[in-house]
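Note sheet for the following structure.
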Amino acid sequence: MLNFEYNNPTKIVFGKNQLEKLPAYIKSATDSKKVLIAFGGGSAEKIGLLDQIRAVLSDFDLIEFGGIEANPEYETLMQAVEVCKREKIEFILAVGGGSVIDGVKFISGAAKYEGNPWHVLTRETDDIFTEAIPFGTILTIPATGSEANSGAVISRQELKEKRSMGGPLFFPQFSFIDPSLLASLPERQIANGIVDAFMHTLEQYLTHPTDNLLQEREAEAILMTLIEIAPKVIKDPSNYVLASNLFRCATHALNGNLRCGVPTDWATHAIGHELTALHGIDHARTLSIIMPRLWEEMFEQKKEKLAQYGQRVWNLSGDDVAKQAIAQTEEFLRSLGIKTKLSEYPVDSSETAAIVRKRFEERNWIELGENKSIRPENVERIVNNSI
Ligand code: NZQ
Ligand code: ZN
C-alpha cells in the first residue's frame, strides 16, 4: 500500500431543511457580520434558495455577487475580488455547483494576494496564494466534489485557457448538501453530475490492481451505486432516496478519500479541460470523449485493472473482459445521453489534437498518468482517436 497523508476539515451538513443551522456555522467561522454571497447565473434565485438564505441570514450584513458562469470566468471572478477588497469581506458563502464553488476558492485566495493572480494559475510565478478568505458552500448540484475538496478550475475564455489551483487553504469551512435540490436540475446537468462522479472514481481506480483492498472495493461501490441509480434518478430526480445516494456518491468520489494509498491517473481530466477551453464542451462530456480512447491507448498498462473492473463492476466474463469493459462503459455513457465522440459536437476539431499536444509540451506536462508514461504523443493520438 502506498504511503499517504489525509486531512479533510470540511464539515458536511447533509439533508433537507437544514438551513436554519447556517447562521451558527457562519458564526463559528468568522466574527464578522459581513458576508459575500456568491452565486451563478440565476438558478439559485429561480428555485427560491437565495430567498431562503437571505431570510435565515437576516442578522448579517449581506453583499451579493451573482453571475458566476459555468466554467467560472477569470474576468468575472476578478470583479468579485474587487468587491471583497473594497468591502473588506471576511467570509464568503458560495451558493451553486462546482463552478460557483471553484470561483469562490479563487476569489478567496486572489483577494488576499497583491500580485497578478492569473500568473499563480499559470505558474508563471513561483508565488502561491498564502492567505484566503474563509468560505462555506450551499451545494446545488451533485457532480464535482468541490464542496468537500480544496481544488478549483478557472477558465479564461479570451485565452481559451482553463487552469487549476488548490491547496489546504481552499477547503470549505462547511458545505450544506440538500438532495431535494436535485429536482430543480435539468436532465443535462444530472447526467453531467453522474458522469463526473463516475469519472472521478475511475481516475483513482482504473490504473493497475493494488494491494489496497478496501480502496479497491470503495471505488467499486461508488461505480456500482452510480450504475444502479443513474437511469432511475434521471427519470425521477424528485425521489429523495435516489437523489441522496447520487449526492453521496459525488461527494465521496472526490473528497480525497479514494486516492489514499493508491496510484491515480487524472490524464483524462487534464485533456478534458483543454476540450472545454477550446470548444466549450461541458466538463463531464469532455471526459466521456477522452477516457475510453485513453484506455485503448494505454491498454497494455491498464488491461489487468480493466479486467477487474469488468468482472467486479459490470459482471462480465470471458477472455476479453478488459475490452468488453471499455465498450460497456461507453454504452453506459451513451445510455445517459452523453456523446462519446468529439465529431458529434458542432466544433472544428481539425487542429485540436495538435494544439493540446503543444500546450502540454509547453507546460512540461510530458509524463502523465499513474506510470508517468502518457507522453504528448500519446495525448495527441488519444485526442485524434476521439474525433
Ligand atoms: O449558473 P446557474 O444559473 O446556477 O446554473 C447552473 C449552471 O448553468 C446550473 N445549476 C446548478 N445548480 C442548479 C442549476 N440549475 C437548476 N437547479 C439547480 N439546483 O447548472 C449549470 C452547471 O453548473 P456548474 O456549477 O458549472 O456544474 P458543475 O457542478 O458540474 O461544475 C463544473 C465546473 O467544476 C469544475 C469543472 O471543470 C467546471 O468548471 N470541476 C471542479 C472540480 C473540483 N473543484 O474538484 C473537479 C471537477 O473535475 C471539475 O473540473
Ligand atoms: Zn471532473
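Ordered as shown in the C-alpha cells, chains take letters A, B, and onward, while each chain numbers its residues from 1 and ligands are numbered from 1 in the order shown.
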Subject >> Residue neighbourhood A:Val104, 8 Å, only C-alpha atoms, exclusion window fewer than 4 positions, as an MDAnalysis selection string >> reply: chainID A and resid 38 77 92 94 100 108 135
Subject >> Contacts of A:Thr225 at 9 Å (only C-alpha atoms; same-chain gap of 4+ positions) as a VMD selection string >> reply: chain A and resid 220 to 221 229 to 230 245 to 246 249
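Selection of all polymer residues within 6 Å of ligand 2 on the basis of only C-alpha atoms and all ligand atoms gives Thr144, Asp196 and His200 of chain A.
Ranking A:Arg285, A:Arg217, A:Lys160, A:Arg248 by their shortest atom-to-atom distance to ligand 1, with only C-alpha atoms and all ligand atoms included, puts A:Arg285 first.
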**OP:** For A:Pro231, please output as a list of chain:residue names all residues within 8 Å (counting only C-alpha atoms; exclusion window: fewer than 4 positions along the same chain).
**Re:** A:Ile227, A:Lys235, A:Leu336
Just to be explicit: take each residue in the selection above, keep N, CA and C atoms, and write the result as a compact mmCIF listing (two decimals), in the first residue's frame.
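The file below, result17.txt, is the result:
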# COMPACT_ATOMS: atom_id res chain seq x y z
N ILE A 227 -24.09 3.21 -11.28
CA ILE A 227 -24.70 2.45 -12.39
C ILE A 227 -26.14 2.06 -12.02
N LYS A 235 -34.79 9.72 -14.45
CA LYS A 235 -36.24 9.66 -14.68
C LYS A 235 -37.01 10.34 -13.55
N LEU A 336 -26.93 7.53 -21.03
CA LEU A 336 -27.29 8.73 -20.27
C LEU A 336 -27.42 9.95 -21.19
Original post:
So how many Å separate atom CA of A:Met291 and atom CA of A:Ser350, to one decimal?
Top reply: 19.7 Å
**OP:** Please check which protein, DNA or RNA residues sit within 7 Å of ligand 1, counting only C-alpha atoms and all ligand atoms, and write them as a PyMOL selection string.
**Re:** chain A and resi 39-44+47+67-72+96-100+102+140-146+149-154+181-182+184-186+189+192-193+196+200+254+269+273+283
Write a file of the just-selected residues containing C-alpha atoms, as a compact mmCIF listing (two decimals), in the first residue's frame.
# COMPACT_ATOMS: atom_id res chain seq x y z
CA PHE A 39 -23.92 32.63 -6.93
CA GLY A 40 -24.30 31.70 -10.58
CA GLY A 41 -26.48 32.69 -13.48
CA GLY A 42 -29.87 32.70 -11.82
CA SER A 43 -30.91 29.17 -10.85
CA ALA A 44 -30.43 29.79 -7.11
CA ILE A 47 -35.63 27.96 -7.21
CA GLY A 67 -23.36 35.92 -12.46
CA ILE A 68 -20.54 33.43 -11.99
CA GLU A 69 -20.67 31.38 -15.16
CA ALA A 70 -20.46 27.63 -15.70
CA ASN A 71 -16.69 27.17 -16.09
CA PRO A 72 -16.10 30.22 -13.91
CA GLY A 96 -24.18 26.83 -6.53
CA GLY A 97 -22.36 23.99 -8.23
CA GLY A 98 -18.71 23.29 -8.92
CA SER A 99 -18.35 26.48 -10.94
CA VAL A 100 -19.51 28.85 -8.20
CA ASP A 102 -14.41 26.84 -7.59
CA THR A 140 -26.89 22.82 -5.65
CA ILE A 141 -25.66 20.07 -7.99
CA PRO A 142 -24.02 16.70 -7.30
CA ALA A 143 -21.00 16.46 -9.58
CA THR A 144 -17.55 17.79 -8.85
CA GLY A 145 -16.96 17.13 -5.16
CA SER A 146 -15.70 20.74 -4.94
CA ASN A 149 -12.12 19.29 -1.57
CA SER A 150 -9.53 22.01 -1.95
CA GLY A 151 -9.20 22.15 -5.74
CA ALA A 152 -10.61 24.61 -8.29
CA VAL A 153 -10.55 25.05 -12.05
CA ILE A 154 -10.74 28.55 -13.53
CA LEU A 181 -32.39 20.36 -4.81
CA LEU A 182 -31.83 17.71 -7.49
CA SER A 184 -34.74 21.55 -9.92
CA LEU A 185 -31.89 20.46 -12.18
CA PRO A 186 -32.25 19.99 -15.93
CA GLN A 189 -26.89 18.63 -15.59
CA ASN A 192 -23.22 15.54 -16.24
CA GLY A 193 -23.10 15.09 -12.48
CA ASP A 196 -18.29 13.48 -13.41
CA HIS A 200 -13.51 10.92 -10.63
CA LEU A 254 -13.62 13.49 -4.79
CA HIS A 269 -9.18 15.37 -16.77
CA HIS A 273 -10.09 20.59 -19.58
CA HIS A 283 -16.73 19.24 -18.34
Test item, helix (DSSP H, G or I) assignment across stretch 30-140 of chain A, answer as a short mmCIF file (atom, residue, chain, number, x, y, z; two decimals) with all heavy atoms, in the first residue's frame:
data_model
loop_
_atom_site.label_atom_id
_atom_site.label_comp_id
_atom_site.auth_asym_id
_atom_site.auth_seq_id
_atom_site.Cartn_x
_atom_site.Cartn_y
_atom_site.Cartn_z
N SER A 43 -30.11 30.31 -11.33
CA SER A 43 -30.91 29.17 -10.85
C SER A 43 -31.19 29.27 -9.35
O SER A 43 -32.30 28.95 -8.91
CB SER A 43 -30.22 27.84 -11.18
OG SER A 43 -29.06 27.68 -10.40
N ALA A 44 -30.23 29.74 -8.57
CA ALA A 44 -30.43 29.79 -7.11
C ALA A 44 -31.55 30.78 -6.75
O ALA A 44 -32.29 30.56 -5.78
CB ALA A 44 -29.13 30.19 -6.41
N GLU A 45 -31.67 31.84 -7.56
CA GLU A 45 -32.78 32.80 -7.35
C GLU A 45 -34.10 32.15 -7.75
O GLU A 45 -35.07 32.16 -7.01
CB GLU A 45 -32.51 34.04 -8.21
CG GLU A 45 -33.44 35.21 -7.96
CD GLU A 45 -33.04 36.02 -6.72
OE1 GLU A 45 -32.13 36.85 -6.82
OE2 GLU A 45 -33.68 35.80 -5.68
N LYS A 46 -34.07 31.52 -8.94
CA LYS A 46 -35.29 30.95 -9.52
C LYS A 46 -35.90 29.88 -8.62
O LYS A 46 -37.12 29.79 -8.47
CB LYS A 46 -34.95 30.37 -10.90
CG LYS A 46 -36.15 30.14 -11.76
CD LYS A 46 -35.77 29.94 -13.22
CE LYS A 46 -36.39 28.65 -13.73
NZ LYS A 46 -35.61 27.99 -14.73
N LEU A 49 -33.94 29.43 -3.48
CA LEU A 49 -32.90 29.13 -2.49
C LEU A 49 -32.30 30.41 -1.91
O LEU A 49 -32.07 30.52 -0.70
CB LEU A 49 -31.82 28.26 -3.15
CG LEU A 49 -30.67 27.82 -2.28
CD1 LEU A 49 -31.14 26.99 -1.08
CD2 LEU A 49 -29.66 26.98 -3.11
N LEU A 50 -32.06 31.39 -2.78
CA LEU A 50 -31.45 32.64 -2.30
C LEU A 50 -32.35 33.34 -1.30
O LEU A 50 -31.88 33.86 -0.28
CB LEU A 50 -31.13 33.57 -3.47
CG LEU A 50 -29.81 33.32 -4.19
CD1 LEU A 50 -29.62 34.32 -5.33
CD2 LEU A 50 -28.63 33.41 -3.23
N ASP A 51 -33.67 33.32 -1.56
CA ASP A 51 -34.59 33.96 -0.61
C ASP A 51 -34.54 33.26 0.74
O ASP A 51 -34.57 33.92 1.79
CB ASP A 51 -36.02 33.92 -1.17
CG ASP A 51 -36.29 35.12 -2.08
OD1 ASP A 51 -35.50 36.09 -2.01
OD2 ASP A 51 -37.26 35.07 -2.86
N GLN A 52 -34.46 31.94 0.71
CA GLN A 52 -34.37 31.20 1.99
C GLN A 52 -33.09 31.59 2.74
O GLN A 52 -33.09 31.77 3.96
CB GLN A 52 -34.34 29.69 1.73
CG GLN A 52 -35.65 29.11 1.23
CD GLN A 52 -35.46 27.64 0.88
OE1 GLN A 52 -34.80 26.89 1.58
NE2 GLN A 52 -36.02 27.23 -0.25
N ILE A 53 -32.00 31.72 1.99
CA ILE A 53 -30.71 32.07 2.62
C ILE A 53 -30.77 33.49 3.19
O ILE A 53 -30.35 33.74 4.31
CB ILE A 53 -29.56 31.90 1.60
CG1 ILE A 53 -29.39 30.41 1.28
CG2 ILE A 53 -28.27 32.50 2.12
CD1 ILE A 53 -28.50 30.13 0.10
N ARG A 54 -31.34 34.42 2.36
CA ARG A 54 -31.47 35.81 2.85
C ARG A 54 -32.28 35.83 4.15
O ARG A 54 -31.95 36.56 5.09
CB ARG A 54 -32.18 36.67 1.80
CG ARG A 54 -31.33 36.94 0.57
CD ARG A 54 -32.13 37.75 -0.47
NE ARG A 54 -31.41 37.85 -1.72
CZ ARG A 54 -31.87 37.41 -2.90
NH1 ARG A 54 -33.06 36.83 -3.00
NH2 ARG A 54 -31.15 37.54 -3.99
N ALA A 55 -33.32 35.01 4.21
CA ALA A 55 -34.20 35.02 5.39
C ALA A 55 -33.45 34.51 6.62
O ALA A 55 -33.50 35.14 7.69
CB ALA A 55 -35.44 34.17 5.12
N VAL A 56 -32.73 33.40 6.49
CA VAL A 56 -32.06 32.86 7.70
C VAL A 56 -30.85 33.73 8.10
O VAL A 56 -30.43 33.69 9.25
CB VAL A 56 -31.61 31.38 7.56
CG1 VAL A 56 -32.80 30.47 7.44
CG2 VAL A 56 -30.62 31.17 6.44
N TYR A 74 -12.47 34.02 -15.32
CA TYR A 74 -11.47 34.83 -14.61
C TYR A 74 -11.90 36.30 -14.47
O TYR A 74 -11.84 36.87 -13.39
CB TYR A 74 -10.14 34.72 -15.34
CG TYR A 74 -9.02 35.50 -14.72
CD1 TYR A 74 -8.38 35.04 -13.57
CD2 TYR A 74 -8.58 36.69 -15.29
CE1 TYR A 74 -7.35 35.77 -13.00
CE2 TYR A 74 -7.55 37.42 -14.73
CZ TYR A 74 -6.93 36.95 -13.59
OH TYR A 74 -5.91 37.66 -13.02
N GLU A 75 -12.36 36.88 -15.60
CA GLU A 75 -12.69 38.32 -15.56
C GLU A 75 -13.82 38.58 -14.57
O GLU A 75 -13.79 39.57 -13.83
CB GLU A 75 -13.12 38.83 -16.96
CG GLU A 75 -12.16 38.50 -18.10
CD GLU A 75 -10.81 39.18 -17.94
OE1 GLU A 75 -10.72 40.16 -17.18
OE2 GLU A 75 -9.82 38.71 -18.55
N THR A 76 -14.82 37.70 -14.57
CA THR A 76 -15.95 37.87 -13.64
C THR A 76 -15.46 37.74 -12.20
O THR A 76 -15.83 38.52 -11.32
CB THR A 76 -17.01 36.78 -13.91
OG1 THR A 76 -17.34 36.81 -15.29
CG2 THR A 76 -18.25 36.98 -13.07
N LEU A 77 -14.62 36.73 -11.97
CA LEU A 77 -14.14 36.48 -10.61
C LEU A 77 -13.31 37.65 -10.10
O LEU A 77 -13.35 38.00 -8.92
CB LEU A 77 -13.34 35.18 -10.56
CG LEU A 77 -14.10 33.93 -11.03
CD1 LEU A 77 -13.18 32.72 -11.05
CD2 LEU A 77 -15.32 33.66 -10.16
N MET A 78 -12.56 38.29 -11.02
CA MET A 78 -11.75 39.43 -10.60
C MET A 78 -12.62 40.61 -10.15
O MET A 78 -12.22 41.40 -9.29
CB MET A 78 -10.79 39.85 -11.72
CG MET A 78 -9.63 38.89 -11.93
SD MET A 78 -8.68 38.56 -10.42
CE MET A 78 -7.87 40.15 -10.19
N GLN A 79 -13.85 40.70 -10.73
CA GLN A 79 -14.78 41.75 -10.24
C GLN A 79 -15.17 41.45 -8.79
O GLN A 79 -15.26 42.36 -7.97
CB GLN A 79 -16.04 41.78 -11.12
CG GLN A 79 -15.78 42.28 -12.53
CD GLN A 79 -17.00 42.08 -13.42
OE1 GLN A 79 -18.13 42.02 -12.95
NE2 GLN A 79 -16.77 41.96 -14.72
N ALA A 80 -15.36 40.17 -8.49
CA ALA A 80 -15.70 39.79 -7.11
C ALA A 80 -14.52 40.03 -6.18
O ALA A 80 -14.70 40.42 -5.01
CB ALA A 80 -16.13 38.33 -7.06
N VAL A 81 -13.31 39.84 -6.69
CA VAL A 81 -12.11 40.11 -5.88
C VAL A 81 -12.11 41.59 -5.47
O VAL A 81 -11.82 41.93 -4.32
CB VAL A 81 -10.84 39.74 -6.68
CG1 VAL A 81 -9.59 40.32 -6.02
CG2 VAL A 81 -10.73 38.23 -6.84
N GLU A 82 -12.46 42.46 -6.44
CA GLU A 82 -12.52 43.90 -6.14
C GLU A 82 -13.54 44.18 -5.05
O GLU A 82 -13.30 44.97 -4.14
CB GLU A 82 -12.86 44.70 -7.41
CG GLU A 82 -11.71 44.80 -8.40
CD GLU A 82 -10.39 45.18 -7.72
OE1 GLU A 82 -10.38 46.20 -6.98
OE2 GLU A 82 -9.40 44.45 -7.87
N VAL A 83 -14.70 43.53 -5.16
CA VAL A 83 -15.76 43.73 -4.14
C VAL A 83 -15.22 43.31 -2.77
O VAL A 83 -15.39 44.01 -1.77
CB VAL A 83 -17.03 42.93 -4.49
CG1 VAL A 83 -18.05 43.03 -3.36
CG2 VAL A 83 -17.63 43.40 -5.81
N CYS A 84 -14.54 42.18 -2.72
CA CYS A 84 -14.02 41.68 -1.43
C CYS A 84 -13.03 42.68 -0.83
O CYS A 84 -13.05 42.94 0.37
CB CYS A 84 -13.30 40.34 -1.63
SG CYS A 84 -14.43 38.99 -1.92
N LYS A 85 -12.17 43.22 -1.70
CA LYS A 85 -11.17 44.17 -1.19
C LYS A 85 -11.85 45.45 -0.71
O LYS A 85 -11.55 45.95 0.37
CB LYS A 85 -10.15 44.49 -2.28
CG LYS A 85 -9.18 43.33 -2.56
CD LYS A 85 -8.17 43.73 -3.63
CE LYS A 85 -7.11 42.66 -3.80
NZ LYS A 85 -6.26 42.87 -4.97
N ARG A 86 -12.76 45.95 -1.55
CA ARG A 86 -13.43 47.23 -1.23
C ARG A 86 -14.26 47.12 0.05
O ARG A 86 -14.22 47.99 0.90
CB ARG A 86 -14.33 47.61 -2.42
CG ARG A 86 -14.89 49.01 -2.35
CD ARG A 86 -15.66 49.36 -3.62
NE ARG A 86 -16.84 48.55 -3.81
CZ ARG A 86 -17.10 47.85 -4.91
NH1 ARG A 86 -16.28 47.85 -5.94
NH2 ARG A 86 -18.21 47.15 -5.00
N GLU A 87 -14.98 46.02 0.16
CA GLU A 87 -15.92 45.86 1.29
C GLU A 87 -15.27 45.18 2.50
O GLU A 87 -15.94 44.93 3.49
CB GLU A 87 -17.14 45.03 0.84
CG GLU A 87 -17.94 45.64 -0.30
CD GLU A 87 -18.75 46.84 0.15
OE1 GLU A 87 -18.95 47.01 1.37
OE2 GLU A 87 -19.16 47.63 -0.73
N GLY A 98 -20.17 23.26 -8.89
CA GLY A 98 -18.71 23.29 -8.92
C GLY A 98 -18.18 24.62 -9.42
O GLY A 98 -17.15 25.11 -8.93
N SER A 99 -18.88 25.24 -10.37
CA SER A 99 -18.35 26.48 -10.94
C SER A 99 -18.35 27.61 -9.93
O SER A 99 -17.36 28.35 -9.80
CB SER A 99 -19.18 26.88 -12.18
OG SER A 99 -18.98 25.93 -13.20
N VAL A 100 -19.45 27.78 -9.21
CA VAL A 100 -19.51 28.85 -8.20
C VAL A 100 -18.53 28.55 -7.07
O VAL A 100 -17.79 29.42 -6.61
CB VAL A 100 -20.95 29.02 -7.66
CG1 VAL A 100 -20.96 30.01 -6.49
CG2 VAL A 100 -21.89 29.50 -8.77
N ILE A 101 -18.49 27.29 -6.65
CA ILE A 101 -17.61 26.94 -5.52
C ILE A 101 -16.14 27.12 -5.93
O ILE A 101 -15.34 27.71 -5.19
CB ILE A 101 -17.90 25.51 -5.03
CG1 ILE A 101 -19.35 25.41 -4.52
CG2 ILE A 101 -16.91 25.10 -3.94
CD1 ILE A 101 -19.80 24.01 -4.17
N ASP A 102 -15.79 26.64 -7.12
CA ASP A 102 -14.41 26.84 -7.59
C ASP A 102 -14.10 28.32 -7.71
O ASP A 102 -13.01 28.78 -7.33
CB ASP A 102 -14.22 26.20 -8.97
CG ASP A 102 -14.05 24.69 -8.90
OD1 ASP A 102 -14.32 24.11 -7.83
OD2 ASP A 102 -13.67 24.08 -9.92
N GLY A 103 -15.07 29.07 -8.24
CA GLY A 103 -14.88 30.51 -8.39
C GLY A 103 -14.59 31.16 -7.04
O GLY A 103 -13.71 32.00 -6.92
N VAL A 104 -15.33 30.73 -6.03
CA VAL A 104 -15.14 31.31 -4.69
C VAL A 104 -13.78 30.93 -4.12
O VAL A 104 -13.12 31.73 -3.44
CB VAL A 104 -16.31 30.90 -3.76
CG1 VAL A 104 -15.96 31.13 -2.30
CG2 VAL A 104 -17.56 31.69 -4.14
N LYS A 105 -13.32 29.73 -4.41
CA LYS A 105 -11.98 29.35 -3.94
C LYS A 105 -10.94 30.32 -4.53
O LYS A 105 -10.06 30.82 -3.82
CB LYS A 105 -11.66 27.91 -4.35
CG LYS A 105 -12.48 26.88 -3.58
CD LYS A 105 -12.22 25.45 -4.08
CE LYS A 105 -13.11 24.46 -3.33
NZ LYS A 105 -12.97 23.08 -3.83
N PHE A 106 -11.09 30.59 -5.82
CA PHE A 106 -10.15 31.53 -6.44
C PHE A 106 -10.29 32.93 -5.83
O PHE A 106 -9.29 33.57 -5.47
CB PHE A 106 -10.38 31.59 -7.96
CG PHE A 106 -9.60 32.68 -8.63
CD1 PHE A 106 -8.25 32.51 -8.92
CD2 PHE A 106 -10.20 33.91 -8.93
CE1 PHE A 106 -7.52 33.54 -9.50
CE2 PHE A 106 -9.47 34.94 -9.50
CZ PHE A 106 -8.13 34.75 -9.79
N ILE A 107 -11.53 33.41 -5.73
CA ILE A 107 -11.77 34.75 -5.18
C ILE A 107 -11.13 34.86 -3.79
O ILE A 107 -10.46 35.85 -3.46
CB ILE A 107 -13.29 35.04 -5.08
CG1 ILE A 107 -13.94 35.09 -6.46
CG2 ILE A 107 -13.55 36.36 -4.33
CD1 ILE A 107 -15.47 34.96 -6.43
N SER A 108 -11.31 33.83 -2.99
CA SER A 108 -10.85 33.90 -1.59
C SER A 108 -9.33 34.03 -1.51
O SER A 108 -8.81 34.71 -0.64
CB SER A 108 -11.34 32.69 -0.79
OG SER A 108 -10.56 31.56 -1.08
N GLY A 109 -8.63 33.39 -2.45
CA GLY A 109 -7.17 33.49 -2.47
C GLY A 109 -6.70 34.78 -3.14
O GLY A 109 -5.81 35.48 -2.63
N ALA A 110 -7.33 35.11 -4.28
CA ALA A 110 -6.87 36.27 -5.06
C ALA A 110 -7.11 37.57 -4.30
O ALA A 110 -6.35 38.53 -4.46
CB ALA A 110 -7.58 36.30 -6.42
N PRO A 117 -2.97 37.45 -10.07
CA PRO A 117 -3.45 36.11 -9.74
C PRO A 117 -3.44 35.14 -10.94
O PRO A 117 -3.34 33.94 -10.75
CB PRO A 117 -4.88 36.32 -9.24
CG PRO A 117 -5.08 37.77 -9.13
CD PRO A 117 -4.01 38.47 -9.90
N TRP A 118 -3.53 35.70 -12.15
CA TRP A 118 -3.51 34.81 -13.32
C TRP A 118 -2.17 34.05 -13.38
O TRP A 118 -2.10 32.88 -13.73
CB TRP A 118 -3.75 35.60 -14.61
CG TRP A 118 -3.76 34.69 -15.82
CD1 TRP A 118 -2.84 34.66 -16.83
CD2 TRP A 118 -4.73 33.67 -16.12
NE1 TRP A 118 -3.17 33.68 -17.74
CE2 TRP A 118 -4.32 33.07 -17.34
CE3 TRP A 118 -5.88 33.22 -15.50
CZ2 TRP A 118 -5.04 32.02 -17.94
CZ3 TRP A 118 -6.60 32.16 -16.09
CH2 TRP A 118 -6.18 31.58 -17.29
N HIS A 119 -1.11 34.75 -13.00
CA HIS A 119 0.21 34.11 -13.04
C HIS A 119 0.34 33.00 -12.00
O HIS A 119 1.13 32.08 -12.17
CB HIS A 119 1.31 35.16 -12.86
CG HIS A 119 1.42 36.08 -14.03
ND1 HIS A 119 2.06 37.29 -13.97
CD2 HIS A 119 0.97 35.95 -15.30
CE1 HIS A 119 1.98 37.89 -15.15
NE2 HIS A 119 1.32 37.09 -15.97
N VAL A 120 -0.45 33.10 -10.93
CA VAL A 120 -0.46 31.99 -9.97
C VAL A 120 -1.11 30.77 -10.62
O VAL A 120 -0.61 29.64 -10.50
CB VAL A 120 -1.23 32.39 -8.68
CG1 VAL A 120 -1.31 31.22 -7.71
CG2 VAL A 120 -0.55 33.59 -8.01
N LEU A 121 -2.19 31.01 -11.37
CA LEU A 121 -2.88 29.89 -12.03
C LEU A 121 -2.00 29.24 -13.11
O LEU A 121 -2.01 28.03 -13.28
CB LEU A 121 -4.19 30.36 -12.67
CG LEU A 121 -5.29 30.82 -11.71
CD1 LEU A 121 -6.49 31.36 -12.48
CD2 LEU A 121 -5.74 29.67 -10.82
N THR A 122 -1.27 30.08 -13.85
CA THR A 122 -0.47 29.53 -14.95
C THR A 122 0.93 29.10 -14.50
O THR A 122 1.71 28.59 -15.30
CB THR A 122 -0.30 30.57 -16.07
OG1 THR A 122 0.31 31.74 -15.50
CG2 THR A 122 -1.62 30.93 -16.71
#
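Among the candidates A:Gly318, A:Gly166, A:Pro23, A:Gly48, the one nearest to A:Asp61 when counting only C-alpha atoms is A:Pro23.
Excluding A:Trp365 itself and same-chain residues fewer than 4 positions from it, the residues having an atom within 8 Å of it are A:Phe360, A:Glu361, A:Arg375, A:Pro376, counting only C-alpha atoms.
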**OP:** In Å, rounded to a single decimal, give me how far atom CA of A:Leu226 is from atom CA of A:Ile138.
**Re:**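 Spanning atom CA of A:Ile138 to atom CA of A:Leu226 is a straight-line distance of 22.6 Å.
Pairwise distance (atom CA of A:Asp211, atom CA of A:Lys302) equals 15.7 Å.
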List as an mmCIF file with all heavy atoms, in the first residue's frame the protein and nucleic acid residues near A:Leu258, meaning an atom at most 7 Å away when only C-alpha atoms are counted, but skip any in the same chain fewer than 3 places from it.
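Final output, saved to part.cif:
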data_model
loop_
_atom_site.group_PDB
_atom_site.id
_atom_site.type_symbol
_atom_site.label_atom_id
_atom_site.label_comp_id
_atom_site.auth_asym_id
_atom_site.auth_seq_id
_atom_site.Cartn_x
_atom_site.Cartn_y
_atom_site.Cartn_z
ATOM 1 N N GLN A 204 -9.133 7.434 -10.099
ATOM 2 C CA GLN A 204 -8.398 6.994 -8.913
ATOM 3 C C GLN A 204 -8.428 5.470 -8.763
ATOM 4 O O GLN A 204 -7.969 4.935 -7.750
ATOM 5 C CB GLN A 204 -8.994 7.671 -7.669
ATOM 6 C CG GLN A 204 -8.917 9.200 -7.764
ATOM 7 C CD GLN A 204 -9.790 9.899 -6.744
ATOM 8 O OE1 GLN A 204 -9.344 10.224 -5.659
ATOM 9 N NE2 GLN A 204 -11.056 10.120 -7.075
ATOM 10 N N GLN A 215 -9.719 0.164 -0.547
ATOM 11 C CA GLN A 215 -9.865 1.260 -1.502
ATOM 12 C C GLN A 215 -10.426 0.762 -2.831
ATOM 13 O O GLN A 215 -11.238 1.425 -3.460
ATOM 14 C CB GLN A 215 -8.493 1.910 -1.716
ATOM 15 C CG GLN A 215 -8.560 3.384 -1.919
ATOM 16 C CD GLN A 215 -9.090 4.126 -0.707
ATOM 17 O OE1 GLN A 215 -8.355 4.705 0.028
ATOM 18 N NE2 GLN A 215 -10.363 4.111 -0.496
ATOM 19 N N ALA A 219 -14.046 2.159 -4.281
ATOM 20 C CA ALA A 219 -14.237 2.730 -5.620
ATOM 21 C C ALA A 219 -15.303 1.922 -6.378
ATOM 22 O O ALA A 219 -16.199 2.497 -7.008
ATOM 23 C CB ALA A 219 -12.917 2.729 -6.380
ATOM 24 N N ALA A 253 -16.690 10.670 -4.150
ATOM 25 C CA ALA A 253 -15.765 10.387 -5.258
ATOM 26 C C ALA A 253 -14.580 11.348 -5.280
ATOM 27 O O ALA A 253 -13.532 11.018 -5.835
ATOM 28 C CB ALA A 253 -16.518 10.453 -6.586
#
